[in-house]
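Pasting work.cif here (mmCIF, C-alpha atoms):
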```cif
data_coords
#
loop_
_atom_site.label_atom_id
_atom_site.label_comp_id
_atom_site.auth_asym_id
_atom_site.auth_seq_id
_atom_site.Cartn_x
_atom_site.Cartn_y
_atom_site.Cartn_z
CA MET V 187 -47.22 8.08 -38.19
CA TYR V 188 -44.71 8.74 -40.96
CA LEU V 189 -43.88 12.00 -39.16
CA ILE V 190 -41.81 9.87 -36.79
CA ILE V 191 -39.30 9.13 -39.58
CA PRO V 192 -37.71 12.62 -39.64
CA VAL V 193 -37.59 12.60 -35.81
CA PHE V 194 -35.50 9.43 -35.82
CA ALA V 195 -33.49 10.65 -38.79
CA VAL V 196 -32.51 13.68 -36.72
CA PHE V 197 -31.83 11.38 -33.74
CA LEU V 198 -29.55 9.18 -35.87
CA MET V 199 -27.76 12.24 -37.24
CA TYR V 200 -27.17 13.40 -33.67
CA VAL V 201 -25.73 9.95 -32.80
CA VAL V 202 -23.39 10.20 -35.80
CA LEU V 203 -22.37 13.70 -34.73
CA LEU V 204 -21.60 12.43 -31.20
CA VAL V 205 -19.39 9.67 -32.65
CA ARG V 206 -17.59 12.07 -35.00
CA THR V 207 -16.83 14.50 -32.18
CA SER V 208 -15.60 11.63 -29.92
CA ARG V 209 -18.34 12.23 -27.37
CA LEU V 210 -19.81 8.75 -27.95
CA SER V 211 -17.72 5.64 -28.39
CA MET V 212 -18.42 3.43 -31.42
CA LYS V 213 -18.95 0.45 -29.15
CA TYR V 214 -22.08 2.07 -27.64
CA THR V 215 -23.40 3.42 -30.93
CA TYR V 216 -24.96 0.11 -31.94
CA LEU V 217 -27.41 0.42 -29.02
CA TRP V 218 -28.77 3.70 -30.33
CA VAL V 219 -28.84 2.57 -33.95
CA LEU V 220 -30.73 -0.51 -32.76
CA PHE V 221 -33.07 1.76 -30.79
CA SER V 222 -33.80 3.86 -33.89
CA VAL V 223 -34.39 0.83 -36.10
CA MET V 224 -36.68 -0.76 -33.50
CA SER V 225 -38.64 2.47 -33.18
CA LEU V 226 -39.17 2.68 -36.92
CA THR V 227 -40.24 -0.96 -37.34
CA PRO V 228 -43.93 -0.42 -36.36
CA ILE V 229 -44.30 2.07 -39.21
CA PHE V 230 -43.36 -0.43 -41.91
CA LEU V 231 -44.59 -3.64 -40.31
CA ASN V 232 -47.69 -2.28 -38.64
CA GLU V 233 -50.08 -5.18 -39.36
CA LYS V 234 -47.57 -7.96 -38.73
CA ILE V 235 -46.63 -6.46 -35.36
CA ASP V 236 -50.31 -6.11 -34.48
CA GLN V 237 -50.95 -9.77 -35.28
CA THR V 238 -47.84 -11.00 -33.47
CA LEU V 239 -48.61 -9.00 -30.32
CA ASN V 240 -52.24 -10.15 -30.36
CA ARG V 241 -51.06 -13.74 -30.54
CA MET V 242 -48.76 -13.05 -27.59
CA GLY V 243 -51.80 -11.99 -25.55
CA PHE V 244 -51.76 -8.20 -25.89
CA GLU V 245 -55.26 -6.97 -26.75
CA VAL V 246 -53.92 -3.58 -27.78
CA ALA V 247 -50.64 -3.65 -29.74
CA ALA V 248 -49.49 -0.38 -28.14
CA ASN V 249 -49.30 -2.16 -24.75
CA GLY V 250 -46.94 -4.74 -26.23
CA ILE V 251 -44.77 -2.01 -27.74
CA ILE V 252 -44.58 -0.26 -24.36
CA VAL V 253 -43.52 -3.51 -22.64
CA VAL V 254 -40.84 -4.14 -25.29
CA SER V 255 -39.63 -0.52 -24.97
CA ILE V 256 -39.41 -0.75 -21.18
CA ALA V 257 -37.48 -4.04 -21.47
CA PHE V 258 -35.11 -2.53 -24.04
CA LEU V 259 -34.46 0.65 -22.04
CA SER V 260 -33.93 -1.42 -18.86
CA PHE V 261 -31.33 -3.43 -20.77
CA VAL V 262 -29.64 -0.22 -21.91
CA SER V 263 -29.58 1.10 -18.30
CA LEU V 264 -28.13 -2.16 -16.99
CA HIS V 265 -25.53 -2.17 -19.76
CA LEU V 266 -24.51 1.39 -18.86
CA SER V 267 -24.30 0.48 -15.13
CA VAL V 268 -21.97 -2.41 -16.01
CA GLN V 269 -19.79 -0.13 -18.14
CA LEU V 270 -19.75 2.51 -15.38
CA THR V 271 -18.69 -0.11 -12.81
CA LEU V 272 -15.87 -1.30 -15.08
CA LEU V 273 -14.73 2.26 -15.61
CA GLU V 274 -14.91 3.03 -11.88
CA ASN V 275 -12.82 -0.08 -11.08
CA ARG V 276 -10.21 0.79 -13.70
CA PHE V 277 -10.03 4.36 -12.48
CA GLU V 278 -9.64 3.30 -8.81
CA ASN V 279 -6.98 0.73 -9.72
CA PHE V 280 -5.09 3.28 -11.78
CA VAL V 281 -5.14 5.96 -9.05
CA THR V 282 -4.22 3.60 -6.18
CA GLY V 283 -1.55 1.88 -8.31
CA MET V 284 0.02 5.22 -9.18
CA ALA V 285 -0.02 6.37 -5.52
CA VAL V 286 1.51 3.08 -4.33
CA ASP V 287 4.22 3.37 -7.02
CA ARG V 288 5.15 6.83 -5.82
CA ALA V 289 5.18 5.75 -2.14
CA SER V 290 7.33 2.68 -2.95
CA LYS V 291 10.16 4.80 -4.40
CA PRO V 292 13.23 4.62 -2.10
CA SER V 293 13.36 8.42 -1.66
CA ASN V 294 9.95 8.42 0.05
CA ASP V 295 10.60 5.25 1.97
CA SER V 296 12.71 6.44 4.89
CA MET N 112 14.68 -12.19 11.85
CA ASN N 113 11.86 -9.94 13.04
CA LYS N 114 8.57 -10.14 11.17
CA SER N 115 7.76 -6.96 9.25
CA VAL N 116 4.50 -5.23 10.18
CA LEU N 117 2.82 -2.48 8.19
CA VAL N 118 0.20 -0.44 10.08
CA VAL N 119 -2.13 1.04 7.46
CA ILE N 120 -4.10 4.13 8.50
CA PRO N 121 -6.58 5.33 5.87
CA ALA N 122 -7.11 9.05 6.54
CA PHE N 123 -9.50 11.63 5.14
CA ASN N 124 -9.35 15.11 6.73
CA GLU N 125 -7.86 13.81 10.00
CA GLU N 126 -5.24 16.52 10.51
CA ALA N 127 -6.35 17.06 14.12
CA VAL N 128 -5.80 13.49 15.35
CA ILE N 129 -3.45 11.72 12.95
CA GLN N 130 -0.32 12.65 14.90
CA THR N 131 -1.85 11.33 18.16
CA VAL N 132 -2.76 8.04 16.49
CA ILE N 133 0.74 7.60 15.01
CA THR N 134 2.43 8.45 18.33
CA LYS N 135 0.21 6.01 20.26
CA ILE N 136 1.06 3.22 17.81
CA ARG N 137 4.78 3.99 17.90
CA ASN N 138 4.92 4.07 21.70
CA LEU N 139 4.00 0.40 22.00
CA GLN N 140 6.68 -2.26 22.50
CA TYR N 141 7.08 -4.47 19.44
CA ASP N 142 9.96 -6.72 20.48
CA GLU N 143 9.71 -9.32 17.75
CA PHE N 144 8.33 -7.11 15.00
CA ALA N 145 9.81 -4.49 12.66
CA LEU N 146 7.07 -1.90 12.51
CA LYS N 147 6.34 0.60 9.73
CA ILE N 148 3.48 3.08 9.86
CA CYS N 149 1.77 3.85 6.57
CA VAL N 150 -0.81 6.64 6.26
CA VAL N 151 -2.97 6.54 3.16
CA ASN N 152 -4.07 10.11 2.59
CA ASP N 153 -7.41 9.73 0.84
CA GLY N 154 -7.49 13.08 -0.97
CA SER N 155 -7.76 15.13 2.25
CA ARG N 156 -8.42 18.83 1.88
CA ASP N 157 -6.81 19.76 5.22
CA GLY N 158 -3.22 19.30 6.38
CA THR N 159 -3.41 15.50 6.85
CA PHE N 160 -0.75 14.88 4.19
CA GLU N 161 1.72 17.36 5.72
CA VAL N 162 1.28 15.96 9.28
CA ALA N 163 1.47 12.36 8.04
CA SER N 164 4.61 13.10 6.01
CA LYS N 165 6.27 14.35 9.20
CA PHE N 166 5.37 11.44 11.48
CA ALA N 167 4.65 8.32 9.38
CA ASP N 168 7.22 6.04 7.72
CA VAL N 169 5.30 5.83 4.46
CA VAL N 170 2.61 8.10 3.04
CA ILE N 171 0.52 6.93 0.13
CA ASP N 172 -1.06 10.06 -1.26
CA LEU N 173 -4.22 9.45 -3.28
CA PRO N 174 -4.73 12.50 -5.49
CA LEU N 175 -8.48 12.48 -4.86
CA ASN N 176 -10.96 11.09 -2.36
CA LEU N 177 -11.77 7.51 -3.39
CA GLY N 178 -13.20 6.26 -0.08
CA VAL N 179 -11.85 4.15 2.74
CA GLY N 180 -11.97 0.88 0.77
CA SER N 181 -9.67 2.16 -1.96
CA ALA N 182 -7.32 3.65 0.64
CA VAL N 183 -7.06 0.32 2.46
CA ARG N 184 -6.57 -1.52 -0.83
CA ALA N 185 -3.65 0.81 -1.60
CA GLY N 186 -2.16 -0.17 1.77
CA TYR N 187 -2.55 -3.87 0.93
CA GLN N 188 -0.91 -3.30 -2.47
CA TYR N 189 2.02 -1.56 -0.81
CA ALA N 190 2.35 -4.45 1.67
CA LEU N 191 2.31 -7.05 -1.10
CA ARG N 192 4.83 -5.16 -3.21
CA ASN N 193 7.21 -4.73 -0.26
CA GLN N 194 6.80 -8.32 1.01
CA ILE N 195 5.39 -7.31 4.37
CA ASP N 196 4.59 -10.23 6.72
CA TYR N 197 1.70 -8.71 8.67
CA LEU N 198 -0.65 -5.83 7.93
CA ILE N 199 -2.67 -3.97 10.56
CA GLN N 200 -5.56 -1.79 9.44
CA ILE N 201 -6.64 0.87 11.94
CA ASP N 202 -8.86 3.98 11.71
CA ALA N 203 -7.32 7.45 11.77
CA ASP N 204 -9.96 8.99 14.06
CA ASP N 205 -8.36 7.73 17.31
CA GLN N 206 -11.36 5.52 18.18
CA HIS N 207 -9.42 2.26 18.03
CA ASN N 208 -7.04 1.61 20.88
CA PRO N 209 -3.64 0.63 19.38
CA VAL N 210 -2.83 -1.44 22.52
CA TYR N 211 -4.83 -4.27 20.92
CA ILE N 212 -2.48 -4.39 17.93
CA LEU N 213 -0.22 -6.64 19.99
CA SER N 214 -2.95 -9.18 20.76
CA MET N 215 -3.98 -9.14 17.09
CA LEU N 216 -0.40 -9.77 15.99
CA SER N 217 -0.08 -12.71 18.34
CA GLU N 218 -3.23 -14.25 16.81
CA LEU N 219 -1.68 -13.95 13.34
CA SER N 220 0.68 -16.81 14.18
CA LYS N 221 -2.40 -19.08 14.21
CA TYR N 222 -4.86 -17.36 11.87
CA ASP N 223 -4.69 -15.63 8.46
CA HIS N 224 -7.07 -12.80 9.26
CA VAL N 225 -7.96 -11.20 12.61
CA VAL N 226 -10.91 -8.89 13.23
CA GLY N 227 -10.91 -6.45 16.15
CA SER N 228 -14.43 -6.73 17.55
CA ARG N 229 -16.31 -4.00 19.41
CA TYR N 230 -18.96 -6.43 20.57
CA LEU N 231 -17.11 -9.52 21.79
CA GLN N 232 -17.56 -8.12 25.29
CA LYS N 233 -20.17 -5.52 26.18
CA GLU N 234 -18.06 -2.50 27.00
CA GLY N 235 -16.99 0.86 25.75
CA TYR N 236 -18.94 1.59 22.59
CA GLU N 237 -22.46 2.99 22.11
CA ILE N 238 -24.13 3.39 18.72
CA SER N 239 -27.67 4.07 17.53
CA LYS N 240 -30.11 1.19 17.96
CA ILE N 241 -30.97 1.11 14.23
CA VAL N 242 -27.32 0.78 13.21
CA ARG N 243 -26.73 -1.89 15.89
CA LEU N 244 -29.77 -3.82 14.64
CA ALA N 245 -28.43 -3.64 11.08
CA GLN N 246 -25.05 -4.91 12.32
CA ILE N 247 -26.72 -7.84 14.11
CA ILE N 248 -28.59 -8.74 10.90
CA VAL N 249 -25.32 -8.57 8.91
CA SER N 250 -23.60 -10.76 11.53
CA LEU N 251 -26.39 -13.34 11.42
CA LEU N 252 -26.39 -13.43 7.61
CA MET N 253 -22.61 -13.81 7.50
CA ARG N 254 -22.97 -16.79 9.82
CA MET N 255 -25.88 -18.35 7.91
CA VAL N 256 -24.77 -17.70 4.34
CA HIS N 257 -20.96 -17.84 4.57
CA ARG N 258 -20.37 -19.60 7.92
CA ILE N 259 -18.30 -16.67 9.13
CA ASN N 260 -18.78 -16.48 12.87
CA ILE N 261 -17.72 -12.92 13.72
CA THR N 262 -19.56 -10.58 16.12
CA ASP N 263 -18.38 -7.43 14.34
CA PRO N 264 -17.98 -8.00 10.58
CA THR N 265 -18.04 -4.24 9.87
CA SER N 266 -15.04 -3.46 12.09
CA GLY N 267 -12.27 -1.48 10.42
CA PHE N 268 -9.67 -2.72 12.92
CA ARG N 269 -8.09 -5.73 11.23
CA ALA N 270 -4.90 -7.72 10.94
CA SER N 271 -3.82 -9.79 7.96
CA GLY N 272 -1.08 -12.33 7.39
CA ARG N 273 0.78 -12.90 4.12
CA ASN N 274 -1.90 -15.17 2.60
CA SER N 275 -4.62 -12.71 3.40
CA ILE N 276 -2.55 -9.80 2.05
CA ALA N 277 -1.99 -11.66 -1.24
CA ILE N 278 -5.74 -12.20 -1.66
CA LEU N 279 -6.89 -8.72 -0.66
CA ALA N 280 -4.23 -6.61 -2.40
CA HIS N 281 -6.09 -6.86 -5.70
CA THR N 282 -9.60 -7.74 -4.65
CA TYR N 283 -10.29 -5.63 -1.56
CA PRO N 284 -13.77 -4.20 -2.14
CA THR N 285 -13.81 -0.42 -2.36
CA ALA N 286 -17.41 0.57 -1.54
CA PHE N 287 -17.97 1.84 1.99
CA LEU N 288 -19.12 -0.87 4.44
CA GLN N 289 -18.93 -3.50 1.72
CA ASP N 290 -15.15 -3.26 2.07
CA THR N 291 -15.16 -4.77 5.57
CA ILE N 292 -17.89 -7.35 4.90
CA GLY N 293 -16.71 -8.22 1.39
CA SER N 294 -13.09 -8.68 2.45
CA LEU N 295 -14.17 -11.22 5.08
CA ILE N 296 -16.12 -13.15 2.46
CA LEU N 297 -13.12 -13.10 0.09
CA VAL N 298 -10.79 -14.38 2.81
CA LYS N 299 -13.25 -17.13 3.69
CA LYS N 300 -13.75 -18.08 0.03
CA ALA N 301 -9.95 -18.44 -0.29
CA LYS N 302 -10.22 -21.00 2.56
CA LEU N 303 -8.15 -18.88 4.94
CA SER N 304 -8.77 -18.84 8.68
CA ILE N 305 -10.47 -15.94 10.47
CA THR N 306 -10.73 -15.11 14.15
CA GLU N 307 -11.61 -12.09 16.26
CA VAL N 308 -10.20 -10.44 19.37
CA ASN N 309 -11.87 -8.09 21.78
CA THR N 310 -11.01 -4.47 20.92
CA PRO N 311 -13.29 -2.05 22.78
CA MET N 312 -13.66 1.23 20.94
CA LYS N 313 -14.24 4.74 22.28
CA PRO N 314 -16.62 7.28 20.77
CA ARG N 315 -15.28 9.82 18.26
CA ILE N 316 -14.04 13.00 19.98
CA VAL N 317 -12.65 15.09 17.11
CA GLY N 318 -14.50 15.59 13.79
CA GLU N 319 -17.62 13.74 12.75
CA SER N 320 -18.50 10.52 11.01
CA SER N 321 -18.82 10.84 7.24
CA GLN N 322 -21.99 8.73 7.28
CA LYS N 323 -25.49 10.00 8.17
CA THR N 324 -28.05 7.53 9.56
CA LEU N 325 -30.21 7.32 6.40
CA ARG N 326 -27.16 6.79 4.22
CA ARG N 327 -25.96 4.15 6.68
CA ILE N 328 -29.24 2.26 6.33
CA ARG N 329 -28.92 2.33 2.54
CA LEU N 330 -25.35 1.07 2.82
CA TYR N 331 -26.46 -1.76 5.13
CA VAL N 332 -29.15 -2.80 2.65
CA GLN N 333 -26.48 -2.89 -0.10
CA SER N 334 -24.22 -4.92 2.18
CA ILE N 335 -26.97 -7.43 2.92
CA LEU N 336 -27.48 -7.86 -0.83
CA LEU N 337 -23.71 -8.33 -1.23
CA ILE N 338 -23.71 -11.11 1.39
CA ILE N 339 -26.51 -12.91 -0.45
CA PHE N 340 -25.18 -12.33 -3.99
CA TRP N 341 -21.65 -13.48 -3.09
CA ARG N 342 -22.94 -16.84 -1.87
#
```

Since I need it in another form, could you write the structure as structure tokens?
Amino acid sequence: MYLIIPVFAVFLMYVVLLVRTSRLSMKYTYLWVLFSVMSLTPIFLNEKIDQTLNRMGFEVAANGIIVVSIAFLSFVSLHLSVQLTLLENRFENFVTGMAVDRASKPSNDS
Amino acid sequence: MNKSVLVVIPAFNEEAVIQTVITKIRNLQYDEFALKICVVNDGSRDGTFEVASKFADVVIDLPLNLGVGSAVRAGYQYALRNQIDYLIQIDADDQHNPVYILSMLSELSKYDHVVGSRYLQKEGYEISKIVRLAQIIVSLLMRMVHRINITDPTSGFRASGRNSIAILAHTYPTAFLQDTIGSLILVKKAKLSITEVNTPMKPRIVGESSQKTLRRIRLYVQSILLIIFWR
């Protein structure tokens, strides 16, 4: 199980690299740091997580972890859709605004 | 003083017909209106921009194809910025008959927003049964959810007064199909008045529709969700 640690260490290093090369904005980085931390938690808190998930009604703890992972990744997808919509709106407003500006200039307005 | 009218024609690759449409609009008698024709070139890859520059009064040239909703929104923004009294929105494919612009303008003295309906009287326009069924469902939902009683809420032949222009210049929805339906909901939510006039439409002769049937169905499903979510 401890073999997972280097995998997520590499993952985190890749996230840092993306930030440093401006391919990933800092404001989205927290999601992936959170993802890495959450993924490592079962290694260190194995028994506690088992007990908690059993109390929540999951007979096998792995099922609970899958449900939590699906919920988390759904949240990430929704978050990205929201950001994409915002970006799309800004882009459309910018392009139409610029085109209207150009058309409103007296030289074009015969 | 004559009321100013801006006729907005969103155009994407309509080089073959755009001149005909502009000429037809210009040939009408607008005694009490000062008319300006505005083509919004939606990133066309043919000669639409060149033809429009020759024949239209204003050309808004979008540097890339953003879709009909964004093109119409640009027209509304131009109208708001230039304090236009009335805005007419008409398709560039020569399917709408510009003769009805006059009846729409006369309705604008009583209403804030006028929709040119293809289905107010049964004449002139044939479409696939699936699309018609989807349109009937949209119409029914608009009536039930938003109390908007319009036979053709997806029509792209519209007229707007100053109040309607002010609302739609910054909020006009940009997604295809949701632009027509969403704009009606926005006008209604702003407590403005809406009516419709009969505007029979002819089938497309030049070029082809940008929407395939399966894509249309998906767009109608999205529009139905929009009607419900914007309650």

Near-segment 261-266 of chain V list (10 Å; all atoms listed in the file; drop same-chain fewer than 3 positions) as a CSV table (one decimal) with C-alpha atoms, in the coordinates of the input:
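Okay, part.csv is ready:
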```
chain,number,residue,atom,x,y,z
V,214,TYR,CA,-22.1,2.1,-27.6
V,217,LEU,CA,-27.4,0.4,-29.0
V,218,TRP,CA,-28.8,3.7,-30.3
V,221,PHE,CA,-33.1,1.8,-30.8
V,255,SER,CA,-39.6,-0.5,-25.0
V,256,ILE,CA,-39.4,-0.8,-21.2
V,257,ALA,CA,-37.5,-4.0,-21.5
V,258,PHE,CA,-35.1,-2.5,-24.0
V,269,GLN,CA,-19.8,-0.1,-18.1
V,270,LEU,CA,-19.8,2.5,-15.4
V,271,THR,CA,-18.7,-0.1,-12.8
V,272,LEU,CA,-15.9,-1.3,-15.1
```

Output of the PyMOL selection byres ((chain N and resi 306) around 6), listed as a ChimeraX atom specification: /N:225,305,307

Convert the current residue selection to file output with C-alpha atoms, as a PDB file, in the coordinates of the input.
```pdb
ATOM      1  CA  VAL N 225      -7.960 -11.200  12.610  1.00  0.00           C
ATOM      2  CA  ILE N 305     -10.470 -15.940  10.470  1.00  0.00           C
ATOM      3  CA  GLU N 307     -11.610 -12.090  16.260  1.00  0.00           C
TER       4      GLU N 307
END
```

Distance filter 10 Å, only C-alpha atoms, chain V against chain N, as a PyMOL selection string: chain V and resi 275+277-279+281-290+294-296

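Using all atoms listed in the file, the residues found no farther than 12 Å from Gln237 of chain V, other than those of its own chain fewer than 4 positions away, are Pro228, Leu231, Asn232, Glu233, Arg241, Met242, Gly243, Phe244, Glu245, Val246, Ala247, Ala248 and Gly250 of chain V.
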
Saved selection, atoms kept: C-alpha atoms, as a PDB file, in the frame of the given file:
```
ATOM      1  CA  PRO V 228     -43.930  -0.420 -36.360  1.00  0.00           C
ATOM      2  CA  LEU V 231     -44.590  -3.640 -40.310  1.00  0.00           C
ATOM      3  CA  ASN V 232     -47.690  -2.280 -38.640  1.00  0.00           C
ATOM      4  CA  GLU V 233     -50.080  -5.180 -39.360  1.00  0.00           C
ATOM      5  CA  ARG V 241     -51.060 -13.740 -30.540  1.00  0.00           C
ATOM      6  CA  MET V 242     -48.760 -13.050 -27.590  1.00  0.00           C
ATOM      7  CA  GLY V 243     -51.800 -11.990 -25.550  1.00  0.00           C
ATOM      8  CA  PHE V 244     -51.760  -8.200 -25.890  1.00  0.00           C
ATOM      9  CA  GLU V 245     -55.260  -6.970 -26.750  1.00  0.00           C
ATOM     10  CA  VAL V 246     -53.920  -3.580 -27.780  1.00  0.00           C
ATOM     11  CA  ALA V 247     -50.640  -3.650 -29.740  1.00  0.00           C
ATOM     12  CA  ALA V 248     -49.490  -0.380 -28.140  1.00  0.00           C
ATOM     13  CA  GLY V 250     -46.940  -4.740 -26.230  1.00  0.00           C
TER      14      GLY V 250
END
```

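Minimum atom-to-atom distance to Asn138 of chain N, evaluated using all atoms listed in the file, belongs to N:Val210 out of N:Val116, N:Val210, N:Val332, N:Leu251.
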
Picked residues, the PyMOL selection byres ((chain V and resi 191-206) around 9), expected as a list in words: Met187, Tyr188, Leu189, Ile190, Thr207, Ser208, Arg209, Leu210, Ser211, Met212, Thr215, Trp218, Val219, Ser222, Val223, Ser225, Leu226 and Ile229 of chain V

Quick one: residues within 10 Å of Lys302 of chain N, only C-alpha atoms counted, chain neighbours fewer than 5 positions away excluded, as a PDB file with C-alpha atoms, in the coordinates of the input?
```pdb
ATOM      1  CA  ASP N 223      -4.690 -15.630   8.460  1.00  0.00           C
ATOM      2  CA  ILE N 296     -16.120 -13.150   2.460  1.00  0.00           C
ATOM      3  CA  LEU N 297     -13.120 -13.100   0.090  1.00  0.00           C
TER       4      LEU N 297
END
```

Atom CA of Asp196 of chain N to atom CA of Ser271 of chain N, distance in Å rounded to a single decimal: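 Separation between atom CA of Asp196 of chain N and atom CA of Ser271 of chain N: 8.5 Å.
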
Nearest residue to Leu244 of chain N from the set N:Leu325, N:Leu336, N:Tyr331, N:Ile278 (distances using only C-alpha atoms):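 Smallest distance to Leu244 of chain N is found for N:Tyr331.
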
Selected residue of minimal separation from Tyr211 of chain N among N:Leu191, N:Val256, N:Val226, N:Val179, counting all atoms listed in the file: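 Smallest distance to Tyr211 of chain N is found for N:Val226.
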
Between atom CA of Ile129 of chain N and atom CA of Ser155 of chain N, distance in Å (one decimal):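 According to the coordinates, atom CA of Ile129 of chain N and atom CA of Ser155 of chain N are separated by 12.0 Å.
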
Chain and number of each residue from the PyMOL selection byres ((chain N and resi 260-267) around 8), as a count of residues only: 25

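Interatomic distance, atom CA of Val298 of chain N to atom CA of Phe144 of chain N: 23.8 Å.
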
From N:Arg156, N:Asp290, N:Asp204, N:Leu139, residue lying nearest Gly180 of chain N [only C-alpha atoms]: N:Asp290

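Residue nearest Met255 of chain N within the list N:Ile212, N:Ala301, N:Arg326, N:Arg342: N:Arg342 [criterion: smallest interatomic distance, all atoms listed in the file].
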